[in-house]
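Below is start-v2.cif, holding mmCIF, C-alpha atoms.
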data_query
#
loop_
_atom_site.label_atom_id
_atom_site.label_comp_id
_atom_site.auth_asym_id
_atom_site.auth_seq_id
_atom_site.Cartn_x
_atom_site.Cartn_y
_atom_site.Cartn_z
CA MET A 25 121.84 44.94 94.35
CA ILE A 26 120.77 48.58 94.62
CA ASN A 27 117.10 49.32 94.07
CA ILE A 28 115.52 52.77 93.79
CA SER A 29 111.76 53.23 94.02
CA SER A 30 109.22 56.03 94.36
CA SER A 31 105.86 54.26 94.11
CA PHE A 32 104.53 55.71 97.34
CA ASP A 33 102.85 58.82 98.71
CA SER A 34 104.59 61.91 97.22
CA GLY A 35 107.23 59.74 95.52
CA ASN A 36 108.95 61.20 92.47
CA ILE A 37 111.94 59.94 90.50
CA ASP A 38 112.71 58.27 87.17
CA VAL A 39 115.59 55.80 87.27
CA ILE A 40 117.98 55.90 84.31
CA ASN A 41 120.86 53.71 85.52
CA VAL A 42 121.83 52.19 88.89
CA ASP A 43 124.62 49.82 87.78
CA ASN A 44 127.43 51.94 89.24
CA PRO A 45 126.96 53.16 92.85
CA HIS A 46 129.34 56.03 92.12
CA ASP A 47 127.31 57.16 89.12
CA ILE A 48 123.61 56.56 89.74
CA GLN A 49 121.67 58.38 87.04
CA LEU A 50 118.20 59.77 87.77
CA ASN A 51 115.67 62.25 86.42
CA ILE A 52 112.99 64.19 88.28
CA ARG A 53 109.54 63.47 86.90
CA LYS A 54 107.35 66.36 85.76
CA ASP A 55 104.08 67.26 87.48
CA ILE A 56 101.12 65.23 86.30
CA ALA A 57 99.57 67.21 83.40
CA ALA A 58 102.10 70.07 83.68
CA ASP A 59 105.73 70.81 82.84
CA HIS A 60 106.82 71.94 86.32
CA PHE A 61 109.30 69.83 88.24
CA GLN A 62 111.77 70.11 91.11
CA TRP A 63 110.35 67.94 93.90
CA PHE A 64 111.93 64.51 94.31
CA HIS A 65 111.35 61.81 96.92
CA PHE A 66 112.65 58.26 96.57
CA ARG A 67 113.89 55.21 98.47
CA VAL A 68 117.28 53.53 98.04
CA GLN A 69 117.62 49.90 99.13
CA GLY A 70 120.55 47.48 99.16
CA ALA A 71 123.31 50.08 99.52
CA ILE A 72 124.35 49.57 103.15
CA GLY A 73 128.03 50.40 103.68
CA LYS A 74 128.33 51.95 100.24
CA SER A 75 129.27 55.48 99.25
CA LEU A 76 126.73 56.67 96.66
CA THR A 77 126.90 59.44 94.10
CA MET A 78 123.50 60.19 92.55
CA ARG A 79 123.09 62.52 89.57
CA LEU A 80 119.76 64.25 88.95
CA MET A 81 120.53 64.72 85.29
CA ASN A 82 117.70 67.10 84.31
CA ALA A 83 118.22 69.52 87.20
CA SER A 84 119.07 72.42 84.88
CA GLU A 85 115.59 72.18 83.34
CA ALA A 86 113.81 72.38 86.70
CA THR A 87 111.27 75.13 87.29
CA PHE A 88 113.57 76.97 89.70
CA SER A 89 117.03 75.83 88.65
CA GLU A 90 118.56 78.76 90.56
CA GLY A 91 117.35 76.98 93.71
CA TRP A 92 120.09 74.35 93.39
CA ASP A 93 122.80 76.83 94.39
CA ASN A 94 123.95 76.13 97.98
CA TYR A 95 121.27 73.44 98.25
CA ASN A 96 121.69 70.12 100.09
CA ALA A 97 119.14 67.31 99.76
CA VAL A 98 117.54 65.77 102.85
CA ALA A 99 117.81 62.11 103.83
CA SER A 100 116.25 59.87 106.47
CA TYR A 101 116.50 56.29 107.65
CA ASP A 102 113.33 56.32 109.77
CA ARG A 103 111.25 58.96 107.86
CA LYS A 104 111.09 60.97 111.07
CA THR A 105 114.47 62.70 111.31
CA TRP A 106 115.61 64.32 108.06
CA PHE A 107 119.23 65.44 107.85
CA ARG A 108 121.10 67.23 105.08
CA THR A 109 123.44 65.27 102.84
CA PRO A 110 126.22 66.90 100.75
CA SER A 111 124.96 68.01 97.34
CA HIS A 112 126.24 70.32 94.64
CA TYR A 113 125.08 71.67 91.30
CA LYS A 114 127.53 71.10 88.46
CA ASN A 115 127.23 71.03 84.68
CA GLY A 116 123.46 71.26 84.87
CA GLU A 117 123.10 68.33 87.27
CA LEU A 118 122.34 68.10 90.99
CA ILE A 119 124.84 65.65 92.46
CA ILE A 120 123.98 64.04 95.80
CA ASP A 121 126.65 62.21 97.80
CA ILE A 122 125.91 60.00 100.78
CA ASN A 123 127.51 57.21 102.80
CA VAL A 124 124.68 54.76 103.48
CA GLU A 125 124.64 53.25 106.97
CA GLN A 126 121.46 51.15 106.77
CA ASN A 127 119.85 48.96 104.14
CA SER A 128 117.12 51.46 103.32
CA ILE A 129 117.33 55.26 103.08
CA TYR A 130 114.95 57.93 101.79
CA ILE A 131 116.11 60.99 99.84
CA ALA A 132 113.90 64.05 99.26
CA TYR A 133 113.87 67.68 98.21
CA PHE A 134 112.49 68.66 101.64
CA ALA A 135 111.09 66.65 104.54
CA PRO A 136 107.83 65.13 103.20
CA TYR A 137 104.50 65.67 104.93
CA SER A 138 102.54 62.55 104.06
CA TYR A 139 98.81 62.34 103.43
CA GLU A 140 98.57 59.94 106.37
CA ARG A 141 100.20 62.50 108.64
CA HIS A 142 97.78 65.08 107.22
CA LEU A 143 94.85 62.85 108.22
CA ASP A 144 96.41 62.27 111.64
CA LEU A 145 96.72 66.03 112.13
CA LEU A 146 93.06 66.55 111.22
CA ALA A 147 91.98 63.72 113.54
CA TRP A 148 93.99 65.12 116.44
CA ALA A 149 92.74 68.68 115.87
CA GLU A 150 89.06 67.77 115.66
CA SER A 151 89.37 65.74 118.88
CA GLN A 152 90.00 69.02 120.70
CA PRO A 153 86.82 70.53 122.17
CA ILE A 154 87.14 73.92 120.44
CA CYS A 155 87.90 72.59 116.95
CA ARG A 156 85.42 71.45 114.32
CA SER A 157 86.45 69.74 111.08
CA ASP A 158 84.26 70.57 108.07
CA ASN A 159 84.33 68.96 104.65
CA ILE A 160 83.65 71.79 102.19
CA GLY A 161 84.19 69.93 98.91
CA PHE A 162 86.46 67.53 97.08
CA SER A 163 89.62 67.66 95.01
CA ASN A 164 89.75 66.42 91.42
CA GLN A 165 90.60 62.93 92.66
CA ASN A 166 87.85 63.08 95.32
CA ARG A 167 90.01 63.70 98.34
CA ASP A 168 88.36 65.70 101.11
CA MET A 169 88.87 69.44 101.22
CA THR A 170 88.89 70.10 104.95
CA VAL A 171 88.74 73.35 106.88
CA LEU A 172 89.32 73.40 110.63
CA ALA A 173 87.11 75.91 112.44
CA ILE A 174 88.56 76.86 115.83
CA LYS A 175 86.32 78.82 118.15
CA ALA A 176 86.35 79.36 121.92
CA LYS A 177 83.43 77.96 123.87
CA LYS A 178 82.07 80.87 125.90
CA ILE A 179 80.11 79.22 128.67
CA ASN A 180 79.42 82.36 130.72
CA PRO A 181 79.77 85.42 128.48
CA THR A 182 80.03 88.73 130.33
CA LYS A 183 78.96 92.22 129.38
CA ASN A 184 82.55 92.78 128.21
CA SER A 185 82.46 89.82 125.82
CA PRO A 186 82.59 90.88 122.16
CA LYS A 187 79.35 90.84 120.20
CA PRO A 188 79.10 88.07 117.57
CA GLU A 189 79.44 90.63 114.77
CA ASP A 190 82.70 91.87 116.31
CA ILE A 191 84.38 88.45 116.28
CA LYS A 192 87.18 88.51 113.70
CA LYS A 193 87.49 85.84 111.00
CA ILE A 194 91.06 84.69 110.44
CA TRP A 195 91.83 82.41 107.50
CA ILE A 196 95.08 80.48 107.04
CA THR A 197 95.78 78.19 104.08
CA ALA A 198 98.81 76.05 103.23
CA ARG A 199 100.29 73.90 100.45
CA GLN A 200 98.63 75.41 97.42
CA HIS A 201 101.93 74.26 95.92
CA PRO A 202 102.13 70.66 97.13
CA ALA A 203 105.93 70.30 97.28
CA GLU A 204 106.09 73.16 99.78
CA THR A 205 105.69 70.73 102.66
CA MET A 206 107.19 73.23 105.09
CA ALA A 207 103.80 74.95 104.95
CA GLU A 208 101.98 72.04 106.57
CA TRP A 209 104.76 71.55 109.11
CA PHE A 210 104.17 75.24 109.95
CA ILE A 211 100.41 74.64 110.30
CA GLU A 212 101.09 71.74 112.65
CA GLY A 213 103.11 74.01 114.92
CA LEU A 214 100.43 76.71 114.84
CA LEU A 215 97.65 74.23 115.65
CA LYS A 216 99.58 72.69 118.54
CA ARG A 217 99.75 76.12 120.17
CA LEU A 218 96.32 77.39 119.17
CA LEU A 219 94.63 74.29 120.60
CA ASP A 220 96.72 74.23 123.78
CA THR A 221 94.30 74.97 126.62
CA HIS A 222 97.23 76.01 128.83
CA ASP A 223 98.47 78.69 126.42
CA GLY A 224 97.35 82.15 127.51
CA THR A 225 97.99 83.78 124.14
CA ALA A 226 95.86 81.16 122.37
CA LYS A 227 93.03 81.61 124.85
CA ALA A 228 93.22 85.39 124.56
CA VAL A 229 93.15 85.54 120.76
CA LEU A 230 90.20 83.14 120.66
CA GLU A 231 88.22 85.53 122.82
CA ASN A 232 88.05 87.84 119.82
CA ALA A 233 88.59 85.67 116.75
CA VAL A 234 87.59 82.47 115.00
CA PHE A 235 90.23 80.66 112.96
CA TYR A 236 89.53 78.86 109.68
CA ILE A 237 92.54 76.76 108.72
CA VAL A 238 93.04 74.66 105.58
CA PRO A 239 96.19 72.59 106.27
CA ASN A 240 96.46 71.25 102.71
CA MET A 241 94.92 73.09 99.76
CA ASN A 242 96.27 70.58 97.23
CA PRO A 243 95.93 66.99 98.50
CA ASP A 244 96.06 65.44 95.03
CA GLY A 245 99.28 67.18 94.05
CA SER A 246 100.76 66.22 97.41
CA VAL A 247 100.11 62.51 96.95
CA LEU A 248 101.15 62.57 93.28
CA GLY A 249 104.55 64.09 94.06
CA ASN A 250 103.89 67.29 92.10
CA LEU A 251 105.86 70.48 92.54
CA ARG A 252 103.24 73.18 91.90
CA THR A 253 100.01 71.86 90.43
CA ASN A 254 96.91 69.82 91.15
CA ALA A 255 95.84 66.66 89.30
CA LYS A 256 94.62 68.76 86.34
CA GLY A 257 97.93 70.59 86.01
CA VAL A 258 96.56 73.83 87.48
CA ASP A 259 98.69 76.12 89.66
CA LEU A 260 96.14 76.82 92.39
CA ASN A 261 97.89 80.00 93.47
CA ARG A 262 97.10 81.53 90.09
CA ALA A 263 93.48 80.31 90.01
CA TRP A 264 91.72 82.47 92.61
CA LEU A 265 90.31 85.03 90.20
CA ALA A 266 88.56 82.47 87.99
CA ALA A 267 88.44 79.24 90.02
CA ASN A 268 85.97 76.65 88.78
CA ALA A 269 84.63 73.31 89.96
CA GLU A 270 86.18 71.35 87.09
CA ASP A 271 89.81 72.48 86.93
CA SER A 272 90.43 74.06 90.35
CA PRO A 273 87.77 72.67 92.72
CA GLU A 274 90.16 73.04 95.67
CA VAL A 275 90.21 76.83 95.39
CA PHE A 276 86.59 76.97 94.22
CA CYS A 277 85.23 75.38 97.43
CA VAL A 278 87.49 77.39 99.75
CA LYS A 279 86.49 80.66 98.06
CA ASN A 280 82.80 79.79 98.38
CA HIS A 281 83.15 78.94 102.06
CA MET A 282 85.18 82.07 102.72
CA GLU A 283 82.55 84.26 101.06
CA LYS A 284 79.84 82.76 103.29
CA ILE A 285 81.85 83.44 106.45
CA GLY A 286 83.86 86.59 105.67
CA CYS A 287 87.53 87.31 106.24
CA ASP A 288 89.37 89.91 108.35
CA LEU A 289 92.90 88.49 108.01
CA PHE A 290 94.30 86.02 105.49
CA LEU A 291 97.66 84.24 105.62
CA ASP A 292 98.76 81.87 102.86
CA ILE A 293 101.76 79.70 103.76
CA HIS A 294 104.37 78.76 101.13
CA GLY A 295 108.00 77.78 100.51
CA ASP A 296 110.61 79.48 98.34
CA GLU A 297 113.00 77.33 96.31
CA SER A 298 115.80 79.88 96.00
CA ARG A 299 115.62 82.51 98.76
CA PRO A 300 117.36 81.36 101.99
CA TYR A 301 115.24 83.19 104.55
CA ASN A 302 111.70 83.69 105.83
CA TYR A 303 109.74 86.67 104.56
CA ILE A 304 106.26 87.99 103.83
CA LEU A 305 104.77 89.19 100.55
CA ASP A 306 102.20 91.89 101.25
CA GLN A 307 99.99 94.03 99.01
CA LYS A 308 102.46 96.84 98.42
CA ASP A 309 102.36 98.09 94.83
CA ILE A 310 98.88 96.55 94.58
CA SER A 311 95.76 98.72 94.66
CA THR A 312 94.50 98.63 98.24
CA SER A 313 93.81 101.00 101.11
CA LYS A 314 96.48 102.78 103.11
CA LYS A 315 95.01 101.28 106.29
CA VAL A 316 95.42 97.73 104.99
CA LEU A 317 99.05 98.37 104.08
CA GLN A 318 99.68 99.85 107.52
CA LEU A 319 98.24 96.76 109.20
CA GLU A 320 100.30 94.43 107.01
CA ASP A 321 103.44 96.36 107.88
CA GLU A 322 102.55 96.28 111.57
CA PHE A 323 101.96 92.52 111.39
CA GLN A 324 105.42 91.98 109.95
CA HIS A 325 107.03 94.04 112.71
CA LEU A 326 105.08 92.02 115.29
CA LEU A 327 106.35 88.76 113.76
CA LEU A 328 109.86 90.21 113.70
CA ASP A 329 109.57 90.75 117.45
CA ALA A 330 108.12 87.27 117.98
CA SER A 331 110.70 85.25 116.05
CA ALA A 332 114.40 85.62 115.25
CA GLU A 333 113.76 83.37 112.22
CA PHE A 334 111.85 86.17 110.45
CA GLN A 335 113.23 89.19 108.60
CA MET A 336 111.84 92.14 106.62
CA THR A 337 114.72 93.44 104.51
CA ARG A 338 114.73 90.86 101.69
CA SER A 339 111.51 90.32 99.79
CA TYR A 340 109.93 91.35 96.49
CA SER A 341 106.61 92.64 95.14
CA PHE A 342 103.74 90.58 93.72
CA SER A 343 103.56 93.08 90.86
CA LYS A 344 106.38 91.20 89.09
CA PHE A 345 103.85 88.50 88.13
CA GLY A 346 102.01 90.89 85.81
CA VAL A 347 98.65 89.62 84.56
CA ASP A 348 98.82 86.57 86.87
CA THR A 349 98.85 88.75 89.98
CA LYS A 350 95.08 88.98 90.34
CA GLY A 351 94.82 85.18 90.48
CA ILE A 352 97.19 84.87 93.46
CA GLY A 353 95.39 83.80 96.64
CA SER A 354 96.43 86.57 98.99
CA ILE A 355 95.89 89.25 96.31
CA TRP A 356 92.37 88.06 95.47
CA VAL A 357 91.39 87.77 99.13
CA GLY A 358 92.86 91.15 100.05
CA ASN A 359 91.07 92.87 97.18
CA HIS A 360 87.75 91.06 97.69
CA PHE A 361 87.51 91.54 101.46
CA GLN A 362 89.63 94.71 101.77
CA CYS A 363 91.62 93.18 104.59
CA PRO A 364 95.26 92.42 105.45
CA SER A 365 96.19 89.48 103.22
CA MET A 366 99.74 88.15 103.04
CA THR A 367 101.84 85.26 101.77
CA LEU A 368 104.47 83.86 104.15
CA GLU A 369 107.45 82.20 102.46
CA MET A 370 109.94 79.80 104.06
CA PRO A 371 113.14 78.38 102.52
CA PHE A 372 113.84 74.94 101.10
CA ILE A 373 117.53 75.52 101.79
CA ASP A 374 118.20 77.15 105.16
CA ASN A 375 117.76 80.46 106.94
CA GLU A 376 121.10 82.07 106.09
CA ASP A 377 120.74 84.39 109.10
CA LEU A 378 120.70 81.37 111.47
CA PRO A 379 122.29 78.51 109.50
CA ASP A 380 122.15 74.89 110.63
CA PRO A 381 124.61 72.76 108.59
CA GLN A 382 123.19 69.47 109.83
CA TYR A 383 119.47 70.02 109.28
CA GLY A 384 119.08 73.29 107.37
CA TRP A 385 115.57 74.71 107.44
CA SER A 386 113.72 71.81 109.02
CA PRO A 387 110.25 70.60 110.05
CA GLU A 388 110.98 71.51 113.66
CA ARG A 389 111.89 75.08 112.73
CA CYS A 390 108.77 75.34 110.56
CA LYS A 391 106.64 74.27 113.51
CA ARG A 392 108.32 76.76 115.80
CA LEU A 393 107.69 79.60 113.36
CA GLY A 394 104.04 78.51 113.24
CA HIS A 395 104.03 78.61 117.01
CA SER A 396 105.54 82.10 117.05
CA ILE A 397 103.18 83.66 114.52
CA LEU A 398 100.26 83.32 116.92
CA GLU A 399 101.79 86.12 119.00
CA ALA A 400 101.69 88.49 116.01
CA ILE A 401 98.11 87.47 115.17
CA TYR A 402 97.04 88.08 118.77
CA ARG A 403 98.56 91.57 118.79
CA LEU A 404 96.99 92.54 115.46
CA THR A 405 93.50 91.09 116.00
CA PRO A 406 92.00 94.07 117.91
CA LYS A 407 92.79 96.32 114.94
CA LEU A 408 91.12 94.14 112.31
CA GLY A 409 87.73 94.71 110.72
CA ASN A 410 85.81 97.76 109.56
CA ILE A 411 88.53 98.88 107.17
CA GLU A 412 87.37 101.49 104.68
#
Encoding of this model in structure tokens:
Amino acid sequence: MINISSSFDSGNIDVINVDNPHDIQLNIRKDIAADHFQWFHFRVQGAIGKSLTMRLMNASEATFSEGWDNYNAVASYDRKTWFRTPSHYKNGELIIDINVEQNSIYIAYFAPYSYERHLDLLAWAESQPICRSDNIGFSNQNRDMTVLAIKAKKINPTKNSPKPEDIKKIWITARQHPAETMAEWFIEGLLKRLLDTHDGTAKAVLENAVFYIVPNMNPDGSVLGNLRTNAKGVDLNRAWLAANAEDSPEVFCVKNHMEKIGCDLFLDIHGDESRPYNYILDQKDISTSKKVLQLEDEFQHLLLDASAEFQMTRSYSFSKFGVDTKGIGSIWVGNHFQCPSMTLEMPFIDNEDLPDPQYGWSPERCKRLGHSILEAIYRLTPKLGNIE
């Protein structure tokens, strides 16, 4: 007997009918307290040796229904390796086909990044001598809001060492939209390099900068299996202008901490449901200084040199969001601190410039891009600060 369940961390599916393995009927559940939906994550048991056809019947009503074109769902037997399984969008439904080789298999929109793995990442990072883990507040459901502060220990500073006021403050946040799990995979790759005592680039950048990293801005939405919102139904990446402790405490506490510390460079890490490539959204067409725009453009060229996975020719402007623009994280930070402030987007589908039919855009590739971005940050750091 086939059983489908999603009562676990980040699980999301409503079962309509499982009587026929060639016509399993499912719906994606909406975000808690909001109408957004697209993320799914469920377990299939009792189908070993069977060929399954699963229909996500409400796919046409999803928040980004255009994202189903050329999309293949991910599957895993061990929840470690996630491979792509043939899928197609037809008559308003996402149809997933798979030949099941073991008794239990997991199906998801993208490789999940569990809350337990999140806690493991924090525990590993804060065990490193140059990393401190600070609780700066709580989510709506009282999960910790954690920022990792990474700072070199200068035992014997020399006359050439930068003055404390010259040390740059670099902020990086991820998963404001909880289903964009690629963002935390990216952070994991960045942290593994930044905290590697044998990495010369990491050591060099930490001579002149302190990093403040929030690996998961939306822990409640992540656990609940939401696409875009927190437990109150708030899209955190539209809440920065008017964040408050009741509806958007996650942004509220990060903003407060950021204002105490300052910010010279801000990167907000996301995923894009429909665009099959990696790109950056900068502050072009937004009121900011010419110097800031020049630094953002230079950063993108540096990342282009550092990684073949990045490109600069296909993007769009934040201005298309109209009145919501001022509430976007990187726009609020850039305007408030007058600094380079950018959103990095990665695909749910694949990087069409370097396609991988078996895995698509994957956790490993996310981590490698996180690894590569440190090179661009290192090159840009000396030019940060004191922007008029």
Residues near Leu76 (chain A), cut-off 7 Å, all atoms listed in the file, skip fewer than 4 positions along chain, as JSON, numbers by chain: {"A": [45, 46, 121, 122, 123]}
For the atom pair CA of Ile40 (chain A) and CA of Met78 (chain A), what is the interatomic distance in Å to one decimal place?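 If I compute the distance from CA of Ile40 (chain A) to CA of Met78 (chain A), I get 10.8 Å.
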Quick one: pull the distance between CA of Arg167 (chain A) and CA of Gly213 (chain A), Å, one decimal.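 Computed distance, CA of Arg167 (chain A) to CA of Gly213 (chain A), equals 23.5 Å.
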Which residue is closest to Trp148 (chain A)? Choose from A:Ile285, A:Leu50, A:Ala332, A:Glu212 and count only C-alpha atoms. A:Glu212
Atomic separation - CA of Val42 (chain A) relative to CA of Phe66 (chain A), Å: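 Here the two named atoms are 13.4 Å from each other.
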Using all atoms listed in the file, which of the listed residues (A:Leu289, A:Leu265, A:Ile48, A:Ile56) sits closest to Ser75 (chain A)? A:Ile48
Please list as a list in words every residue within 8 Å of Met366 (chain A), counting all atoms listed in the file and excluding residues in the same chain fewer than 6 positions away. Phe290, Leu291, Asp292, Ile304, Leu305, Asp306, Gln307, Glu320, Ser354 and Ile355 of chain A
Select, from A:Val316, A:Met336, A:Ala86, A:Ile131, the residue with the minimum atom-to-atom distance to Asp102 (chain A), counting only C-alpha atoms. A:Ile131
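Nearest-residue note for Trp63 (chain A): choosing from A:Arg403, A:His142, A:Lys227, A:Arg252, the minimum distance belongs to A:Arg252, counting only C-alpha atoms.
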Just the residues within 9 Å of Lys175 (chain A), please, counting all atoms listed in the file, with nothing from its chain fewer than 4 positions along; format it as a ChimeraX atom specification. /A:154-156,230-231,233-235
Using C-alpha atoms, can you export the residues from the last selection as a PDB file, in the frame of the given file?
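Now in part_0.pdb:
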ATOM      1  CA  ILE A 154      87.140  73.920 120.440  1.00  0.00           C
ATOM      2  CA  CYS A 155      87.900  72.590 116.950  1.00  0.00           C
ATOM      3  CA  ARG A 156      85.420  71.450 114.320  1.00  0.00           C
ATOM      4  CA  LEU A 230      90.200  83.140 120.660  1.00  0.00           C
ATOM      5  CA  GLU A 231      88.220  85.530 122.820  1.00  0.00           C
ATOM      6  CA  ALA A 233      88.590  85.670 116.750  1.00  0.00           C
ATOM      7  CA  VAL A 234      87.590  82.470 115.000  1.00  0.00           C
ATOM      8  CA  PHE A 235      90.230  80.660 112.960  1.00  0.00           C
TER       9      PHE A 235
END
Can you work out which one of A:His325, A:Lys216, A:Arg141, A:Lys350 has the shortest atom-to-atom distance to Leu404 (chain A), counting all atoms listed in the file? A:His325
Residue nearest Arg299 (chain A) among A:Glu140, A:Glu369, A:Glu388, A:Asp190 (counting all atoms listed in the file):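 Closest candidate: A:Glu369.
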With all heavy atoms retained, output region 285-293 of chain A as a short mmCIF file (atom, residue, chain, number, x, y, z; two decimals), in the first residue's frame.
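What ended up in out13.cif:
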data_model
loop_
_atom_site.label_atom_id
_atom_site.label_comp_id
_atom_site.auth_asym_id
_atom_site.auth_seq_id
_atom_site.Cartn_x
_atom_site.Cartn_y
_atom_site.Cartn_z
N ILE A 285 25.82 48.20 14.71
CA ILE A 285 27.16 47.83 14.23
C ILE A 285 27.59 48.66 13.04
O ILE A 285 28.75 49.05 12.92
CB ILE A 285 27.18 46.32 13.88
CG1 ILE A 285 27.08 45.50 15.17
CG2 ILE A 285 28.43 45.95 13.09
CD1 ILE A 285 26.82 44.04 14.95
N GLY A 286 26.66 48.94 12.12
CA GLY A 286 27.00 49.58 10.86
C GLY A 286 27.12 48.56 9.74
O GLY A 286 27.14 47.34 9.98
N CYS A 287 27.17 49.03 8.52
CA CYS A 287 27.25 48.14 7.37
C CYS A 287 27.97 48.84 6.23
O CYS A 287 27.63 49.98 5.86
CB CYS A 287 25.84 47.73 6.93
SG CYS A 287 25.81 46.60 5.51
N ASP A 288 28.97 48.16 5.65
CA ASP A 288 29.71 48.68 4.50
C ASP A 288 29.42 47.90 3.22
O ASP A 288 29.69 48.38 2.13
CB ASP A 288 31.22 48.65 4.79
CG ASP A 288 31.60 49.56 5.93
OD1 ASP A 288 31.38 50.79 5.81
OD2 ASP A 288 32.11 49.06 6.96
N LEU A 289 28.91 46.67 3.38
CA LEU A 289 28.53 45.84 2.23
C LEU A 289 27.46 44.88 2.70
O LEU A 289 27.59 44.26 3.75
CB LEU A 289 29.73 45.05 1.70
CG LEU A 289 29.43 43.99 0.62
CD1 LEU A 289 28.94 44.65 -0.67
CD2 LEU A 289 30.68 43.14 0.33
N PHE A 290 26.38 44.78 1.91
CA PHE A 290 25.29 43.88 2.25
C PHE A 290 24.98 42.99 1.07
O PHE A 290 24.81 43.45 -0.07
CB PHE A 290 24.03 44.69 2.63
CG PHE A 290 22.84 43.83 2.96
CD1 PHE A 290 22.87 42.92 4.00
CD2 PHE A 290 21.65 43.96 2.23
CE1 PHE A 290 21.75 42.15 4.32
CE2 PHE A 290 20.54 43.19 2.53
CZ PHE A 290 20.58 42.28 3.58
N LEU A 291 24.90 41.68 1.34
CA LEU A 291 24.49 40.70 0.33
C LEU A 291 23.33 39.89 0.90
O LEU A 291 23.43 39.36 2.01
CB LEU A 291 25.65 39.77 -0.02
CG LEU A 291 26.89 40.41 -0.63
CD1 LEU A 291 28.01 39.38 -0.76
CD2 LEU A 291 26.58 41.03 -1.99
N ASP A 292 22.24 39.81 0.16
CA ASP A 292 21.07 39.05 0.56
C ASP A 292 20.90 37.91 -0.45
O ASP A 292 20.78 38.15 -1.65
CB ASP A 292 19.85 39.96 0.57
CG ASP A 292 18.63 39.30 1.18
OD1 ASP A 292 18.81 38.39 2.01
OD2 ASP A 292 17.50 39.71 0.85
N ILE A 293 20.89 36.67 0.03
CA ILE A 293 20.96 35.50 -0.84
C ILE A 293 19.57 34.89 -1.02
O ILE A 293 18.86 34.61 -0.05
CB ILE A 293 21.94 34.45 -0.27
CG1 ILE A 293 23.26 35.13 0.18
CG2 ILE A 293 22.21 33.38 -1.31
CD1 ILE A 293 23.97 35.91 -0.91
#
